[in-house]
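Note sheet for the following structure.
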Amino acid sequence: MWIFVTINFSSRSKQKREQKDVFIRELVKDGFSKLYASMYVRYCTSLANAMTHRKRIMEKILPFGHVSIMLVADQQANLSYHFCGQKQNQKIEPKLPEIPKMIDFF
């Protein structure tokens with residue numbers, strides 16, 4: 001289960017920017033990683049674990065701005081695509097560790 005959190009806060013005043021930064025630091029402290037400028041993601045092992053993190057986020061939401069929380073199952077996440085500065089028609093080969101050779105016992 002994946003949790004995607006998107007945030008959009010008005011940061012015109014210094015006080016609101018500081019509150020936004022505290023909210024983001026709390027997300028990172030809770031194990032979220034920055035995916036884009038205003039999107040953070042975290043993997044959870046179960047739905048119950050994801051709901052716990054969702055509850056923590058909801059307790060820290062600021063009274064201004066917008067926060068969206070999306071829960072995505074592993075099967076749905078496997079159907080998504082993510083491109084980082086490469087053309088879509090280029091095949092991206094993942095770098096997997098070398099598989100150790102099996103030893104013959106018989």
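For the structure tokens, the naming scheme is as follows: chains receive sequential letters (A, B, ...) according to their order of presentation, residues are indexed from 1 within each chain, and ligands are indexed from 1 in presentation order.
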(request) Tell me, as a PyMOL selection string, which residues lie within 9 Å of stretch 8-15 of chain A, counting only C-alpha atoms; anything in the same chain fewer than 5 positions away does not count. (result) chain A and resi 20+38+62+64-68
(message) What parts of stretch 21-70 of chain A does DSSP call strand (DSSP E)? I'd like the answer as a PyMOL selection string.
(response) chain A and resi 33-36+39-43+66-70
Residues from the last selection, N, CA, C and O atoms, saved as a tab-separated table (two decimals), in the first residue's frame:
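selection24.tsv, written as the output of this step:
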chain	number	residue	atom	x	y	z
A	33	SER	N	8.93	10.42	1.47
A	33	SER	CA	9.99	10.89	0.58
A	33	SER	C	9.38	11.84	-0.44
A	33	SER	O	8.26	11.66	-0.90
A	34	LYS	N	10.16	12.85	-0.80
A	34	LYS	CA	9.68	13.83	-1.78
A	34	LYS	C	9.74	13.23	-3.17
A	34	LYS	O	10.78	12.79	-3.62
A	35	LEU	N	8.58	13.21	-3.84
A	35	LEU	CA	8.52	12.69	-5.20
A	35	LEU	C	8.59	13.83	-6.20
A	35	LEU	O	9.30	13.75	-7.19
A	36	TYR	N	7.84	14.88	-5.96
A	36	TYR	CA	7.84	16.09	-6.76
A	36	TYR	C	7.88	17.28	-5.82
A	36	TYR	O	7.94	17.12	-4.61
A	39	MET	N	4.64	16.81	-3.77
A	39	MET	CA	4.09	15.46	-3.61
A	39	MET	C	5.07	14.61	-2.83
A	39	MET	O	6.25	14.53	-3.16
A	40	TYR	N	4.55	13.94	-1.81
A	40	TYR	CA	5.35	13.07	-0.97
A	40	TYR	C	4.73	11.68	-0.98
A	40	TYR	O	3.51	11.53	-1.11
A	41	VAL	N	5.58	10.66	-0.84
A	41	VAL	CA	5.11	9.28	-0.94
A	41	VAL	C	5.74	8.43	0.15
A	41	VAL	O	6.86	8.70	0.59
A	42	ARG	N	5.00	7.41	0.58
A	42	ARG	CA	5.50	6.48	1.59
A	42	ARG	C	4.88	5.11	1.34
A	42	ARG	O	3.71	5.00	1.00
A	43	TYR	N	5.69	4.08	1.54
A	43	TYR	CA	5.19	2.71	1.41
A	43	TYR	C	4.77	2.20	2.78
A	43	TYR	O	5.47	2.40	3.77
A	66	HIS	N	-4.27	23.34	0.87
A	66	HIS	CA	-4.94	22.10	0.48
A	66	HIS	C	-3.99	20.92	0.66
A	66	HIS	O	-2.82	21.00	0.31
A	67	VAL	N	-4.53	19.83	1.19
A	67	VAL	CA	-3.78	18.58	1.34
A	67	VAL	C	-4.66	17.46	0.80
A	67	VAL	O	-5.82	17.35	1.18
A	68	SER	N	-4.11	16.65	-0.09
A	68	SER	CA	-4.81	15.48	-0.61
A	68	SER	C	-4.01	14.24	-0.23
A	68	SER	O	-2.79	14.22	-0.37
A	69	ILE	N	-4.72	13.23	0.26
A	69	ILE	CA	-4.09	11.97	0.65
A	69	ILE	C	-4.71	10.87	-0.20
A	69	ILE	O	-5.92	10.69	-0.20
A	70	MET	N	-3.86	10.16	-0.94
A	70	MET	CA	-4.33	9.07	-1.79
A	70	MET	C	-3.68	7.77	-1.34
A	70	MET	O	-2.46	7.71	-1.17
(request) State, in Å with one decimal place, the distance from atom CA of A:Glu26 to atom CA of A:Asn49. (result)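 Answer for the atom CA of A:Glu26 to atom CA of A:Asn49 separation: 17.1 Å.
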(request) Choose the residue, out of A:Thr6, A:Asp30, A:Val22, A:Ala73, that has the smallest atom-to-atom separation from A:Lys55; count only C-alpha atoms. (result) A:Asp30
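The interatomic distance for the pair atom CA of A:Glu18 and atom CA of A:Arg56 works out to 19.4 Å.
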(request) Tell me, as a PyMOL selection string, which residues lie within 12 Å of A:Asp74, counting only C-alpha atoms; anything in the same chain fewer than 4 positions away does not count. (result) chain A and resi 1-3+42-47+78-80
Emit the selected residues as an mmCIF file, in the first residue's frame, including C-alpha atoms.
data_model
loop_
_atom_site.group_PDB
_atom_site.id
_atom_site.type_symbol
_atom_site.label_atom_id
_atom_site.label_comp_id
_atom_site.auth_asym_id
_atom_site.auth_seq_id
_atom_site.Cartn_x
_atom_site.Cartn_y
_atom_site.Cartn_z
ATOM 1 C CA MET A 1 0.000 0.000 0.000
ATOM 2 C CA TRP A 2 1.347 3.409 -0.994
ATOM 3 C CA ILE A 3 0.358 6.778 0.438
ATOM 4 C CA ARG A 42 5.500 6.480 1.590
ATOM 5 C CA TYR A 43 5.185 2.709 1.411
ATOM 6 C CA CYS A 44 3.142 0.931 4.080
ATOM 7 C CA THR A 45 3.042 -2.804 4.653
ATOM 8 C CA SER A 46 -0.703 -2.969 5.294
ATOM 9 C CA LEU A 47 -3.911 -0.981 5.082
ATOM 10 C CA ASN A 78 2.621 -1.530 -10.434
ATOM 11 C CA LEU A 79 0.462 -0.334 -13.328
ATOM 12 C CA SER A 80 1.763 3.244 -13.082
#
(request) Please indicate the distance in Å from atom CA of A:Lys60 to atom CA of A:Gln19, rounded to one decimal place. (result)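 Straight-line distance from atom CA of A:Lys60 to atom CA of A:Gln19 works out to 10.3 Å.
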